[in-house]
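This is data_9.cif. It holds mmCIF, C-alpha atoms and all ligand atoms.
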```cif
data_query
#
loop_
_atom_site.label_atom_id
_atom_site.label_comp_id
_atom_site.auth_asym_id
_atom_site.auth_seq_id
_atom_site.Cartn_x
_atom_site.Cartn_y
_atom_site.Cartn_z
CA MET A 1393 51.59 134.25 142.53
CA GLN A 1394 50.54 137.70 141.31
CA PHE A 1395 47.66 138.47 138.99
CA SER A 1396 46.89 141.69 137.20
CA THR A 1397 44.96 144.18 139.30
CA ARG A 1398 43.02 145.02 136.13
CA VAL A 1399 41.26 141.67 136.26
CA PRO A 1400 38.70 140.83 139.00
CA ALA A 1401 39.01 137.47 140.75
CA ALA A 1402 35.47 136.37 139.89
CA LEU A 1403 32.85 137.37 137.38
CA GLU A 1404 30.45 139.89 138.82
CA ASP A 1405 28.29 138.18 141.39
CA ASN A 1406 25.30 140.26 142.43
CA ALA A 1407 22.02 139.58 144.17
CA LEU A 1408 19.99 139.85 140.95
CA ALA A 1409 22.22 137.37 139.09
CA ARG A 1410 21.92 134.95 142.05
CA ALA A 1411 18.12 135.35 142.17
CA VAL A 1412 17.86 134.65 138.43
CA ALA A 1413 20.03 131.54 138.78
CA ALA A 1414 17.92 130.31 141.73
CA ARG A 1415 14.67 130.89 139.85
CA ARG A 1416 16.01 129.06 136.79
CA ALA A 1417 17.19 126.16 138.97
CA ALA A 1418 13.70 125.96 140.52
CA LYS A 1419 12.25 125.91 136.96
CA LYS A 1420 10.15 128.99 137.66
CA THR A 1421 9.15 131.08 134.67
CA ILE A 1422 11.07 134.28 133.94
CA TYR A 1423 9.70 136.89 131.56
CA ASP A 1424 13.06 138.13 130.45
CA LEU A 1425 13.00 141.74 129.26
CA THR A 1426 16.81 141.87 129.33
CA LEU A 1427 17.25 139.35 126.53
CA THR A 1428 19.46 140.74 123.75
CA ASN A 1429 20.90 137.52 122.35
CA PRO A 1430 19.23 137.19 118.94
CA THR A 1431 20.04 133.47 118.75
CA GLN A 1432 17.77 132.91 121.78
CA ALA A 1433 14.88 135.09 120.65
CA GLY A 1434 12.88 132.53 118.65
CA LEU A 1435 13.88 133.96 115.26
CA ASP A 1436 13.74 131.78 112.17
CA TYR A 1437 17.42 131.44 111.23
CA PRO A 1438 18.26 130.19 107.69
CA THR A 1439 20.43 127.51 109.29
CA ALA A 1440 20.81 125.32 106.17
CA GLU A 1441 22.09 128.29 104.16
CA ILE A 1442 24.44 129.36 106.94
CA ALA A 1443 25.77 125.81 107.32
CA ALA A 1444 26.33 125.48 103.54
CA ALA A 1445 28.19 128.81 103.39
CA LEU A 1446 30.38 127.84 106.35
CA ALA A 1447 31.08 124.36 104.91
CA GLU A 1448 32.31 126.02 101.72
CA GLY A 1449 34.32 128.53 103.76
CA ALA A 1450 35.91 125.72 105.75
CA ALA A 1451 37.51 124.41 102.55
CA ALA A 1452 39.34 127.69 101.93
CA PRO A 1453 43.11 127.57 102.45
CA TYR A 1454 44.57 129.52 105.36
CA SER A 1455 46.30 132.61 104.07
CA PRO A 1456 47.07 134.88 107.04
CA GLU A 1457 46.25 138.46 106.23
CA PRO A 1458 46.28 141.10 109.01
CA LEU A 1459 43.67 143.26 107.30
CA GLY A 1460 41.38 140.29 106.64
CA LEU A 1461 40.77 138.47 103.35
CA LEU A 1462 40.25 140.77 100.38
CA SER A 1463 36.96 139.05 99.41
CA ALA A 1464 35.70 139.50 102.98
CA ARG A 1465 36.63 143.18 103.14
CA LYS A 1466 34.90 143.74 99.80
CA ALA A 1467 31.81 142.00 101.22
CA VAL A 1468 31.80 144.38 104.21
CA ALA A 1469 32.14 147.39 101.89
CA ALA A 1470 29.23 146.08 99.80
CA TYR A 1471 27.05 145.61 102.88
CA TYR A 1472 26.84 149.37 103.45
CA PRO A 1473 25.16 150.32 100.12
CA GLY A 1474 23.15 147.07 100.33
CA CYS A 1475 21.45 148.52 103.43
CA GLY A 1476 20.86 151.90 101.86
CA LEU A 1477 23.98 153.41 103.47
CA ASP A 1478 26.74 155.29 101.69
CA ALA A 1479 29.52 153.15 100.24
CA VAL A 1480 32.74 152.73 102.21
CA ASP A 1481 36.24 152.14 100.87
CA TRP A 1482 37.29 148.49 101.34
CA THR A 1483 40.97 149.48 101.47
CA CYS A 1484 40.22 151.22 104.79
CA LEU A 1485 38.83 148.10 106.51
CA HIS A 1486 40.40 145.78 109.10
CA LEU A 1487 38.50 142.66 110.15
CA THR A 1488 38.40 141.54 113.77
CA ALA A 1489 36.65 138.81 115.75
CA SER A 1490 34.23 141.23 117.44
CA THR A 1491 33.56 144.88 118.03
CA SER A 1492 34.77 144.42 121.60
CA GLU A 1493 38.08 143.15 120.26
CA ALA A 1494 38.20 146.08 117.83
CA TYR A 1495 38.11 148.47 120.81
CA SER A 1496 40.99 146.60 122.37
CA LEU A 1497 43.11 146.85 119.19
CA LEU A 1498 42.39 150.59 119.10
CA PHE A 1499 43.41 151.06 122.76
CA LYS A 1500 46.73 149.40 121.90
CA LEU A 1501 47.08 151.67 118.88
CA LEU A 1502 46.19 154.95 120.53
CA GLY A 1503 47.83 155.13 123.94
CA GLU A 1504 49.72 153.69 126.87
CA PRO A 1505 48.25 152.57 130.21
CA GLY A 1506 47.09 155.55 132.26
CA VAL A 1507 45.32 157.46 129.49
CA GLU A 1508 41.59 158.03 129.01
CA ILE A 1509 38.76 157.58 126.56
CA LEU A 1510 35.66 159.78 126.77
CA ALA A 1511 32.53 157.65 126.62
CA PRO A 1512 28.83 158.51 126.83
CA ARG A 1513 26.85 158.13 130.04
CA PRO A 1514 24.44 156.37 130.42
CA SER A 1515 25.63 153.40 128.37
CA TYR A 1516 25.72 149.64 128.00
CA PRO A 1517 28.55 148.60 130.36
CA LEU A 1518 31.29 147.66 127.93
CA ILE A 1519 33.78 150.42 127.15
CA GLU A 1520 34.90 150.95 130.75
CA HIS A 1521 35.75 147.25 131.14
CA LEU A 1522 37.53 147.01 127.80
CA ALA A 1523 39.40 150.22 128.54
CA ALA A 1524 40.47 148.93 131.98
CA LEU A 1525 41.83 145.72 130.47
CA ASP A 1526 44.23 147.82 128.40
CA GLY A 1527 45.10 150.06 131.36
CA TRP A 1528 42.93 152.95 130.12
CA SER A 1529 40.13 154.59 132.06
CA ALA A 1530 36.81 155.76 130.70
CA ARG A 1531 35.72 159.30 131.58
CA PRO A 1532 31.99 159.90 131.04
CA TYR A 1533 30.35 162.66 129.07
CA PRO A 1534 26.58 163.05 129.37
CA LEU A 1535 23.73 162.29 127.02
CA VAL A 1536 20.61 164.01 128.35
CA PRO A 1537 16.88 163.59 127.67
CA ASP A 1538 14.68 166.57 126.88
CA HIS A 1539 11.13 166.92 128.27
CA THR A 1540 9.76 164.74 125.42
CA GLY A 1541 12.17 161.92 126.24
CA VAL A 1542 14.37 162.43 123.15
CA TRP A 1543 18.07 162.26 123.98
CA HIS A 1544 20.72 164.83 123.13
CA LEU A 1545 24.45 165.24 123.23
CA ASP A 1546 25.53 167.86 125.76
CA GLN A 1547 28.20 169.43 123.56
CA ALA A 1548 29.60 171.82 126.20
CA ALA A 1549 29.90 169.00 128.76
CA LEU A 1550 31.75 166.84 126.24
CA VAL A 1551 34.35 169.55 125.62
CA ALA A 1552 34.65 170.15 129.37
CA ALA A 1553 35.40 166.43 129.90
CA ILE A 1554 38.54 166.53 127.72
CA THR A 1555 41.72 166.39 129.82
CA PRO A 1556 45.42 166.17 128.97
CA ALA A 1557 45.07 162.38 129.44
CA THR A 1558 42.30 162.06 126.82
CA ARG A 1559 43.39 159.96 123.85
CA ALA A 1560 40.07 159.24 122.10
CA ILE A 1561 36.38 160.08 122.11
CA ALA A 1562 33.89 157.25 121.73
CA VAL A 1563 30.44 157.75 120.31
CA ILE A 1564 27.86 154.97 120.20
CA HIS A 1565 25.73 155.63 117.19
CA PRO A 1566 22.88 154.80 117.52
CA HIS A 1567 23.36 154.73 121.24
CA ASN A 1568 22.62 151.74 123.47
CA PRO A 1569 20.26 151.94 125.35
CA THR A 1570 18.85 155.45 124.72
CA GLY A 1571 18.59 155.15 120.92
CA TRP A 1572 20.19 158.60 120.53
CA ILE A 1573 21.39 159.33 117.01
CA ALA A 1574 23.70 162.16 116.02
CA ASN A 1575 21.94 164.79 113.96
CA GLY A 1576 23.98 166.69 111.35
CA ALA A 1577 25.04 169.34 113.85
CA ASP A 1578 26.20 166.71 116.39
CA THR A 1579 28.16 164.87 113.72
CA HIS A 1580 30.02 168.00 112.66
CA PHE A 1581 30.55 169.01 116.26
CA LEU A 1582 32.07 165.62 117.14
CA LEU A 1583 34.35 165.57 114.11
CA ASP A 1584 35.40 169.22 114.54
CA THR A 1585 36.05 168.77 118.27
CA CYS A 1586 38.22 165.73 117.61
CA ALA A 1587 40.12 167.50 114.82
CA ARG A 1588 40.65 170.61 116.97
CA HIS A 1589 42.01 168.61 119.91
CA GLY A 1590 44.02 166.17 117.78
CA LEU A 1591 41.91 163.26 119.08
CA PRO A 1592 40.59 160.27 117.17
CA LEU A 1593 36.87 159.51 117.17
CA ILE A 1594 35.73 155.92 117.71
CA ALA A 1595 32.21 155.50 116.33
CA ASP A 1596 30.57 152.26 117.48
CA GLU A 1597 27.83 151.67 114.94
CA VAL A 1598 26.74 148.13 115.76
CA PHE A 1599 23.08 149.26 115.88
CA LEU A 1600 23.20 151.33 112.67
CA ASP A 1601 20.70 149.06 110.89
CA TYR A 1602 17.99 149.55 113.46
CA PRO A 1603 16.42 152.99 113.16
CA ALA A 1604 12.79 153.22 114.22
CA VAL A 1605 10.39 153.19 111.25
CA GLY A 1606 10.28 156.56 109.54
CA ASN A 1607 13.56 157.61 111.13
CA LYS A 1608 16.23 157.79 108.46
CA THR A 1609 18.73 159.90 110.36
CA CYS A 1610 21.02 157.07 111.36
CA ALA A 1611 21.49 155.89 107.79
CA GLU A 1612 24.53 158.21 107.90
CA SER A 1613 27.57 156.27 108.97
CA PHE A 1614 30.60 158.09 110.36
CA ALA A 1615 32.55 155.93 107.88
CA SER A 1616 31.13 157.86 104.95
CA HIS A 1617 32.03 161.35 106.23
CA LYS A 1618 34.96 163.20 104.75
CA SER A 1619 36.45 164.10 108.09
CA SER A 1620 39.38 166.16 109.24
CA ALA A 1621 39.64 163.92 112.32
CA LEU A 1622 41.00 160.40 112.38
CA THR A 1623 37.81 158.33 112.64
CA PHE A 1624 37.48 154.65 113.43
CA THR A 1625 34.03 153.26 112.69
CA LEU A 1626 33.13 149.88 114.16
CA GLY A 1627 30.50 147.44 112.95
CA GLY A 1628 29.94 143.70 113.08
CA LEU A 1629 27.81 140.67 112.28
CA SER A 1630 26.62 140.30 115.85
CA LYS A 1631 23.92 142.96 115.55
CA SER A 1632 23.78 143.86 111.83
CA CYS A 1633 23.12 140.23 110.87
CA GLY A 1634 21.99 138.80 114.22
CA LEU A 1635 25.00 136.42 114.09
CA PRO A 1636 27.05 137.04 117.27
CA GLN A 1637 28.23 133.42 117.30
CA LEU A 1638 30.21 133.85 114.07
CA LYS A 1639 32.59 136.39 115.62
CA LEU A 1640 33.26 138.79 112.78
CA ALA A 1641 33.47 142.56 113.00
CA TRP A 1642 35.36 145.39 111.36
CA ILE A 1643 37.12 148.71 111.82
CA HIS A 1644 36.88 151.36 109.11
CA THR A 1645 39.63 153.98 109.31
CA GLY A 1646 38.81 157.37 107.83
CA GLY A 1647 40.09 160.95 107.95
CA PRO A 1648 43.11 162.83 106.62
CA ALA A 1649 45.08 160.56 104.23
CA GLU A 1650 48.42 160.77 106.04
CA LEU A 1651 46.93 159.96 109.44
CA VAL A 1652 44.88 157.12 107.96
CA ALA A 1653 47.98 155.62 106.32
CA GLU A 1654 49.99 155.72 109.55
CA ALA A 1655 47.11 154.39 111.66
CA GLN A 1656 46.50 151.56 109.20
CA ALA A 1657 50.19 150.55 109.12
CA ARG A 1658 50.31 150.42 112.92
CA LEU A 1659 46.98 148.62 113.11
CA ASP A 1660 48.36 146.05 110.67
CA PHE A 1661 51.15 145.33 113.12
CA ILE A 1662 48.70 144.75 115.98
CA ALA A 1663 46.27 142.73 113.87
CA ASP A 1664 49.15 140.61 112.55
CA ALA A 1665 50.06 139.64 116.09
CA TYR A 1666 46.57 138.18 116.66
CA LEU A 1667 45.11 137.27 113.24
CA SER A 1668 41.85 136.65 115.07
CA ALA A 1669 39.23 136.71 112.30
CA ASN A 1670 38.81 133.07 111.30
CA THR A 1671 39.12 131.95 107.67
CA PRO A 1672 35.86 129.96 107.18
CA VAL A 1673 33.68 132.88 108.26
CA GLN A 1674 35.69 135.37 106.21
CA ALA A 1675 35.49 133.14 103.12
CA ALA A 1676 31.75 132.69 103.64
CA LEU A 1677 31.11 136.37 104.31
CA PRO A 1678 29.34 137.38 101.04
CA LYS A 1679 26.83 134.55 101.59
CA LEU A 1680 26.55 135.23 105.31
CA PHE A 1681 25.56 138.84 104.58
CA GLU A 1682 22.79 137.43 102.35
CA CYS A 1683 21.59 135.21 105.23
CA GLY A 1684 21.99 138.21 107.53
CA LYS A 1685 19.48 140.24 105.51
CA LYS A 1686 16.77 137.70 106.36
CA ILE A 1687 17.66 137.72 110.03
CA ARG A 1688 17.96 141.50 110.21
CA GLY A 1689 14.50 141.87 108.62
CA GLN A 1690 13.01 139.64 111.32
CA ILE A 1691 14.78 141.59 114.07
CA GLN A 1692 13.58 144.91 112.65
CA ARG A 1693 9.97 143.63 112.56
CA ARG A 1694 10.28 142.22 116.09
CA LEU A 1695 11.53 145.56 117.47
CA GLU A 1696 8.68 147.45 115.81
CA GLU A 1697 6.06 144.93 116.94
CA ASN A 1698 7.19 144.89 120.55
CA TYR A 1699 7.60 148.65 120.74
CA ALA A 1700 4.04 149.06 119.40
CA VAL A 1701 2.77 146.81 122.22
CA LEU A 1702 4.73 148.74 124.83
CA ALA A 1703 3.72 152.17 123.58
CA GLY A 1704 0.12 151.03 122.97
CA LEU A 1705 -0.55 150.07 126.62
CA THR A 1706 -2.20 152.55 128.90
CA TRP A 1707 0.37 153.22 131.62
CA PRO A 1708 -0.61 154.32 135.12
CA LYS A 1709 0.29 157.81 136.29
CA GLY A 1710 4.02 158.20 136.86
CA LEU A 1711 5.01 155.62 134.23
CA ALA A 1712 5.72 156.63 130.63
CA VAL A 1713 7.27 154.95 127.60
CA MET A 1714 9.86 157.16 125.92
CA PRO A 1715 9.89 157.75 122.17
CA ARG A 1716 12.13 155.32 120.28
CA GLU A 1717 14.69 156.59 117.78
CA ALA A 1718 16.74 153.45 117.14
CA GLY A 1719 18.30 150.32 118.61
CA TRP A 1720 17.11 147.21 120.41
CA SER A 1721 15.82 148.79 123.63
CA ALA A 1722 13.07 151.06 124.88
CA LEU A 1723 13.10 153.22 127.98
CA LEU A 1724 10.41 153.40 130.61
CA ARG A 1725 10.33 156.41 132.90
CA ARG A 1726 9.03 155.71 136.42
CA PRO A 1727 9.24 157.28 139.88
CA ALA A 1728 12.66 157.00 141.52
CA ALA A 1729 13.22 154.02 143.80
CA PRO A 1730 15.43 154.22 146.90
CA ASP A 1731 17.13 150.91 146.01
CA GLU A 1732 17.06 149.96 142.34
CA GLU A 1733 18.49 146.48 142.81
CA LYS A 1734 15.87 145.68 145.44
CA LEU A 1735 13.19 146.86 143.02
CA ALA A 1736 14.53 144.53 140.32
CA LEU A 1737 14.57 141.65 142.82
CA LYS A 1738 10.98 142.30 143.87
CA LEU A 1739 9.81 142.44 140.27
CA LEU A 1740 11.43 139.09 139.66
CA GLU A 1741 9.99 137.55 142.81
CA ARG A 1742 6.42 138.90 142.54
CA ALA A 1743 5.86 139.12 138.78
CA GLY A 1744 8.55 136.80 137.40
CA VAL A 1745 9.74 139.79 135.33
CA LEU A 1746 13.42 140.39 134.74
CA ALA A 1747 14.16 143.93 133.58
CA HIS A 1748 17.19 146.18 133.95
CA PRO A 1749 16.79 149.28 136.12
CA GLY A 1750 18.80 152.25 134.88
CA TYR A 1751 21.71 151.67 137.25
CA PHE A 1752 22.84 148.72 135.12
CA PHE A 1753 23.47 151.24 132.31
CA ASP A 1754 24.90 153.87 134.66
CA PHE A 1755 21.98 156.29 134.45
CA PRO A 1756 23.01 159.17 136.72
CA GLU A 1757 19.69 159.16 138.55
CA SER A 1758 17.04 156.63 139.57
CA GLY A 1759 13.69 156.40 137.76
CA TRP A 1760 14.44 154.48 134.56
CA HIS A 1761 13.87 150.96 133.31
CA VAL A 1762 15.54 149.64 130.14
CA ILE A 1763 13.42 147.13 128.24
CA SER A 1764 14.81 144.92 125.49
CA LEU A 1765 12.53 144.80 122.45
CA LEU A 1766 13.97 141.47 121.30
CA PRO A 1767 12.04 138.84 123.34
CA GLU A 1768 9.35 136.72 121.69
CA PRO A 1769 6.16 138.81 121.45
CA LYS A 1770 4.06 136.57 123.76
CA GLU A 1771 6.66 136.64 126.51
CA PHE A 1772 7.27 140.33 125.91
CA ARG A 1773 3.60 141.20 126.37
CA VAL A 1774 3.27 139.28 129.62
CA GLY A 1775 6.50 140.84 130.85
CA VAL A 1776 5.52 144.45 130.15
CA GLU A 1777 2.01 143.87 131.55
CA GLY A 1778 3.77 142.60 134.69
CA LEU A 1779 5.78 145.81 134.86
CA ARG A 1780 2.63 147.87 134.41
CA GLU A 1781 0.87 146.04 137.21
CA TRP A 1782 3.75 145.80 139.69
CA LEU A 1783 5.84 148.93 139.29
CA PRO A 1784 3.18 151.23 140.82
CA LYS A 1785 2.94 148.85 143.80
CA LEU A 1786 6.68 148.58 144.30
CA VAL A 1787 7.99 152.17 143.91
C1 LIG B 1801 27.14 149.43 121.79
C2 LIG B 1801 27.75 148.06 121.71
N1 LIG B 1801 28.91 147.90 121.08
C3 LIG B 1801 29.50 146.68 120.96
C4 LIG B 1801 28.90 145.56 121.51
C5 LIG B 1801 29.58 144.24 121.37
O1 LIG B 1801 29.53 143.78 120.05
P1 LIG B 1801 30.35 142.49 119.59
O2 LIG B 1801 29.46 141.31 119.78
O3 LIG B 1801 30.68 142.73 118.14
O4 LIG B 1801 31.58 142.44 120.43
C6 LIG B 1801 27.69 145.69 122.19
C7 LIG B 1801 27.03 144.53 122.79
O5 LIG B 1801 25.86 144.54 123.11
C8 LIG B 1801 27.11 146.97 122.30
O6 LIG B 1801 25.94 147.17 122.96
#
```
Would you mind writing the file's structure down as structure tokens?
Amino acid sequence: MQFSTRVPAALEDNALARAVAARRAAKKTIYDLTLTNPTQAGLDYPTAEIAAALAEGAAAPYSPEPLGLLSARKAVAAYYPGCGLDAVDWTCLHLTASTSEAYSLLFKLLGEPGVEILAPRPSYPLIEHLAALDGWSARPYPLVPDHTGVWHLDQAALVAAITPATRAIAVIHPHNPTGWIANGADTHFLLDTCARHGLPLIADEVFLDYPAVGNKTCAESFASHKSSALTFTLGGLSKSCGLPQLKLAWIHTGGPAELVAEAQARLDFIADAYLSANTPVQAALPKLFECGKKIRGQIQRRLEENYAVLAGLTWPKGLAVMPREAGWSALLRRPAAPDEEKLALKLLERAGVLAHPGYFFDFPESGWHVISLLPEPKEFRVGVEGLREWLPKLV
């Protein structure tokens, strides 16, 4: 029997995952600063409203539609202005089951096995795995922090990373986990670079609704730019509404009309082969976006509250909380550790704190911790106080 070499035999099994499992089995407390599942973060979900909307949606007849149901696409288009973002054209939307699946459809659309996507580094480990499953590889381009801890796109390095095998450039906007957001100059640079090289841009905007208070920059979606590059903008319920379990996301296709028309026709073919967005959720979508507003508001308040706790603590010399621009995470700068996994294991063992060192997000150098701002505030406070007490002893 032969299996694909693109697929590992077992899910990643590492020492930290084993230590977490052992601690859970022994019923020992874990202050989990890696938690990013909103359904496990003690939020007050409007479950009766969600259930009623889904029950109504379940009665809708099945009418297969590769783009997604018209009413659902109109609901997605209406979500953008509802959040204070520019309107998007519903005729340019395709619905998918998740943003991850949307990437996969785009890999099928844009190239054959052996080609490359440029993706930011550091980053949440997703694109490289999705790319590999479609026979693509991901080539990194750097995001870099300045001396104040604000992150920037290294424009020259991005251009230098383009090779004859490059078939797309991915931008995560706002970026996970650094919170980087494209300023006007970055946006134009990305679109111009793509247009000049005949490459499509894939803008993953799942965190678009989560700018830090007072930071309006990321209210500009790539979907609302008149662009000379073919631009695919991805969004979904999983973050925007805190409803990952409902499996609904979308691709907006923008750019020059002829390219958009051809891309959409080909995307229709791929989407028609899967038809993966389910009917009840699509039919319920206008109401689910209403429920989502309530959940999103709670998430936004939670992120602000937890970040205020983190930034309000007095940190010992060598440890510093970075400014937050957007997203669900905060970054803690600390002295480099010779073995980052060992450090994470010791933190778990001594303080009961689970937190991701930078290597998990492919930071090019040691000396970073990524902290999720989503945990319940009580647990969050104990967890970050544990980091403050133990990190100086362990690095
Ligand atoms: C930047 C980014 N894009 C996409 C996803 C996956 O989103 P979805 O649940 O829609 O597949 C994640 C998951 O955390 C993410 O961090």
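Reported to one decimal place, the separation of CA of Glu1768 (chain A) from CA of His1748 (chain A) is 17.4 Å.
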Checklist entry - Once you count only C-alpha atoms and all ligand atoms, which residues end up within 9 Å of ligand LIG 1801 (chain B), and could you hand them over as an NGL selection string? => result :A and (1428-1429 or 1488-1495 or 1515-1519 or 1564-1569 or 1596-1599 or 1626-1631 or 1635-1637 or 1639-1642)
Next on the checklist: I'd like the interatomic distance between CA of Arg1398 (chain A) and CA of Glu1508 (chain A), to a tenth of an Å.
Outcome noted: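 Computing it gives 14.9 Å between the two atoms.
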Checklist entry - Skipping near chain neighbours, those fewer than 6 positions away, what residues fall within 7 Å of region 1453-1469 of chain A using only C-alpha atoms, listed as a PyMOL selection string? => result chain A and resi 1479-1482+1485-1487+1660+1663-1664+1667+1671+1674-1675+1677-1678
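Residue nearest Val1563 (chain A), chosen from A:Leu1510, A:Leu1739, A:Leu1502, A:Leu1522 and counting all atoms listed in the file: A:Leu1510.
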Item to check | Non-local contacts of Arg1513 (chain A) (12 Å; only C-alpha atoms; under 6 positions in same chain excluded) as a VMD selection string | outcome: chain A and resid 1519 to 1520 1530 to 1537 1543 to 1546 1549 to 1550 1553 1562 to 1564 1567 to 1570 1572 1750 to 1757
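Shortest atom-to-atom contact with Gly1476 (chain A) among A:Ser1613, A:Asn1670, A:Gln1692, A:Thr1706: A:Ser1613, counting all atoms listed in the file.
In this model, the gap between CA of Gly1646 (chain A) and CA of Cys1475 (chain A) comes to 20.0 Å.
Residue nearest Thr1426 (chain A) within the list A:Val1412, A:Lys1738, A:Ile1442, A:Ser1620: A:Val1412 [criterion: smallest interatomic distance, all atoms listed in the file].
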Checklist entry - Looking at A:Ile1561, A:Leu1735, A:Leu1501, A:Val1774, which one is nearest to Ser1758 (chain A), with distances taken over all atoms listed in the file? => result A:Leu1735
Using all atoms of region 1699-1716 of chain A that appear in the file, construct an axis-aligned enclosing box with 3 Å of padding on every side and provide its centre coordinates and edge lengths in Å, rounded to one decimal, as AutoDock Vina command-line options.
```
--center_x 5.0 --center_y 152.5 --center_z 128.1 --size_x 20.3 --size_y 17.4 --size_z 23.5
```
Can you rebuild region 1641-1659 of chain A with N, CA and C atoms and give it as a short mmCIF file (atom, residue, chain, number, x, y, z; two decimals), keeping the file's coordinate frame?
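Writing done, so here's selection-v4.cif:
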```cif
data_model
loop_
_atom_site.label_atom_id
_atom_site.label_comp_id
_atom_site.auth_asym_id
_atom_site.auth_seq_id
_atom_site.Cartn_x
_atom_site.Cartn_y
_atom_site.Cartn_z
N ALA A 1641 33.78 141.13 112.92
CA ALA A 1641 33.47 142.56 113.00
C ALA A 1641 34.52 143.31 112.19
N TRP A 1642 34.39 144.63 112.17
CA TRP A 1642 35.36 145.39 111.36
C TRP A 1642 35.60 146.78 111.94
N ILE A 1643 36.76 147.32 111.52
CA ILE A 1643 37.12 148.71 111.82
C ILE A 1643 37.31 149.41 110.48
N HIS A 1644 36.61 150.52 110.28
CA HIS A 1644 36.88 151.36 109.11
C HIS A 1644 37.67 152.56 109.59
N THR A 1645 38.80 152.83 108.93
CA THR A 1645 39.63 153.98 109.31
C THR A 1645 39.46 155.09 108.28
N GLY A 1646 39.02 156.25 108.74
CA GLY A 1646 38.81 157.37 107.83
C GLY A 1646 39.45 158.64 108.37
N GLY A 1647 39.52 159.66 107.52
CA GLY A 1647 40.09 160.95 107.95
C GLY A 1647 41.18 161.41 107.01
N PRO A 1648 42.04 162.31 107.47
CA PRO A 1648 43.11 162.83 106.62
C PRO A 1648 44.03 161.70 106.15
N ALA A 1649 44.39 161.70 104.85
CA ALA A 1649 45.08 160.56 104.23
C ALA A 1649 46.35 160.15 104.99
N GLU A 1650 47.15 161.14 105.40
CA GLU A 1650 48.42 160.77 106.04
C GLU A 1650 48.21 160.05 107.37
N LEU A 1651 47.23 160.58 108.14
CA LEU A 1651 46.93 159.96 109.44
C LEU A 1651 46.36 158.55 109.24
N VAL A 1652 45.49 158.43 108.23
CA VAL A 1652 44.88 157.12 107.96
C VAL A 1652 45.98 156.12 107.61
N ALA A 1653 46.91 156.54 106.76
CA ALA A 1653 47.98 155.62 106.32
C ALA A 1653 48.81 155.17 107.52
N GLU A 1654 49.15 156.10 108.40
CA GLU A 1654 49.99 155.72 109.55
C GLU A 1654 49.19 154.82 110.51
N ALA A 1655 47.93 155.20 110.75
CA ALA A 1655 47.11 154.39 111.66
C ALA A 1655 46.94 152.98 111.11
N GLN A 1656 46.73 152.89 109.80
CA GLN A 1656 46.50 151.56 109.20
C GLN A 1656 47.76 150.70 109.29
N ALA A 1657 48.93 151.32 109.06
CA ALA A 1657 50.19 150.55 109.12
C ALA A 1657 50.39 150.01 110.54
N ARG A 1658 50.11 150.86 111.53
CA ARG A 1658 50.31 150.42 112.92
C ARG A 1658 49.26 149.38 113.32
N LEU A 1659 48.04 149.59 112.83
CA LEU A 1659 46.98 148.62 113.11
C LEU A 1659 47.30 147.26 112.48
#
```
